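These notes are about the structure you will find just below.
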Amino acid sequence: MALHKCPKCELNYIRDGEDFCEVCKRELKRAQARGRHTEEESEEDEIIMCTECGEAPAVRGSELCAACLREQKRQVELENATEISDVFPEVDEELEDEEIVSEEE
């Protein structure tokens, strides 16, 4: 059980078979944690352009910008409305009748 100085700091003594003293181990662990944290930040800070228009930055968590997301949502709503009118044509006729009555008043 011989003791020798830590190769990193050369202040603290460590036992045979240990690489670094406890102080240096903590510093290395913190440095690795900070290194991973900065890598994650750099990935998050990267600006991704909209895949649809290619002009505006994409919204976080999406591949589209805000304007393209609104347009996509509007298109989906129009498709859903068309599907409903195809399935229930009498609803469209009732809506048209109500519009005509309200215009006459």
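By order of appearance in the structure tokens: chains A, B, ..., then residues from 1 within every chain, and ligands from 1 in the order shown.
Near Leu64 in chain A, within a cut-off of 10 Å and counting only C-alpha atoms, sit the residues A:Ile48, A:Met49, A:Cys50, A:Thr51, A:Glu52, A:Cys53, A:Gly54, A:Ala56, A:Pro57, A:Ala58, A:Val59, A:Arg60, A:Cys68, A:Leu69, A:Arg70, A:Gln72, with same-chain residues fewer than 4 positions away left out.
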Write out as a PDB file with C-alpha atoms, in the first residue's frame each polymer residue whose atoms come within 10 Å of Glu22 in chain A, counting only C-alpha atoms; drop sequence neighbours fewer than 5 positions from it.
```
ATOM      1  CA  CYS A   6      -1.368  12.562  -7.997  1.00  0.00           C
ATOM      2  CA  ASN A  12      -2.325  15.059  -3.011  1.00  0.00           C
ATOM      3  CA  TYR A  13      -1.191  11.504  -2.387  1.00  0.00           C
ATOM      4  CA  ILE A  14      -2.985   8.511  -3.857  1.00  0.00           C
ATOM      5  CA  GLU A  27     -12.732  18.414 -11.336  1.00  0.00           C
ATOM      6  CA  LEU A  28     -12.619  15.967 -14.254  1.00  0.00           C
TER       7      LEU A  28
END
```
All residues 10 Å or closer to Cys9 in chain A, only C-alpha atoms, same chain fewer than 2 positions away omitted, as a tab-separated table (two decimals) with N, CA and C atoms, in the first residue's frame:
```tsv
chain	number	residue	atom	x	y	z
A	5	LYS	N	2.29	10.70	-5.39
A	5	LYS	CA	1.57	11.94	-5.67
A	5	LYS	C	0.68	11.79	-6.91
A	6	CYS	N	-0.43	12.53	-6.87
A	6	CYS	CA	-1.37	12.56	-8.00
A	6	CYS	C	-0.64	13.13	-9.21
A	7	PRO	N	-0.71	12.47	-10.38
A	7	PRO	CA	0.00	12.97	-11.56
A	7	PRO	C	-0.58	14.27	-12.11
A	11	LEU	N	-0.11	17.40	-5.73
A	11	LEU	CA	-0.23	17.89	-4.36
A	11	LEU	C	-0.69	16.79	-3.42
A	12	ASN	N	-1.72	16.08	-3.85
A	12	ASN	CA	-2.32	15.06	-3.01
A	12	ASN	C	-1.69	13.70	-3.28
A	13	TYR	N	-1.72	12.86	-2.25
A	13	TYR	CA	-1.19	11.50	-2.39
A	13	TYR	C	-2.32	10.53	-2.69
A	20	PHE	N	-6.13	9.20	-10.17
A	20	PHE	CA	-6.07	10.58	-9.70
A	20	PHE	C	-6.59	10.65	-8.27
A	21	CYS	N	-6.30	11.78	-7.60
A	21	CYS	CA	-6.83	11.99	-6.25
A	21	CYS	C	-8.31	12.36	-6.35
A	23	VAL	N	-9.89	15.02	-5.38
A	23	VAL	CA	-10.10	16.39	-5.84
A	23	VAL	C	-10.03	16.46	-7.36
A	24	CYS	N	-9.03	15.86	-7.94
A	24	CYS	CA	-8.88	15.88	-9.40
A	24	CYS	C	-10.01	15.10	-10.09
```
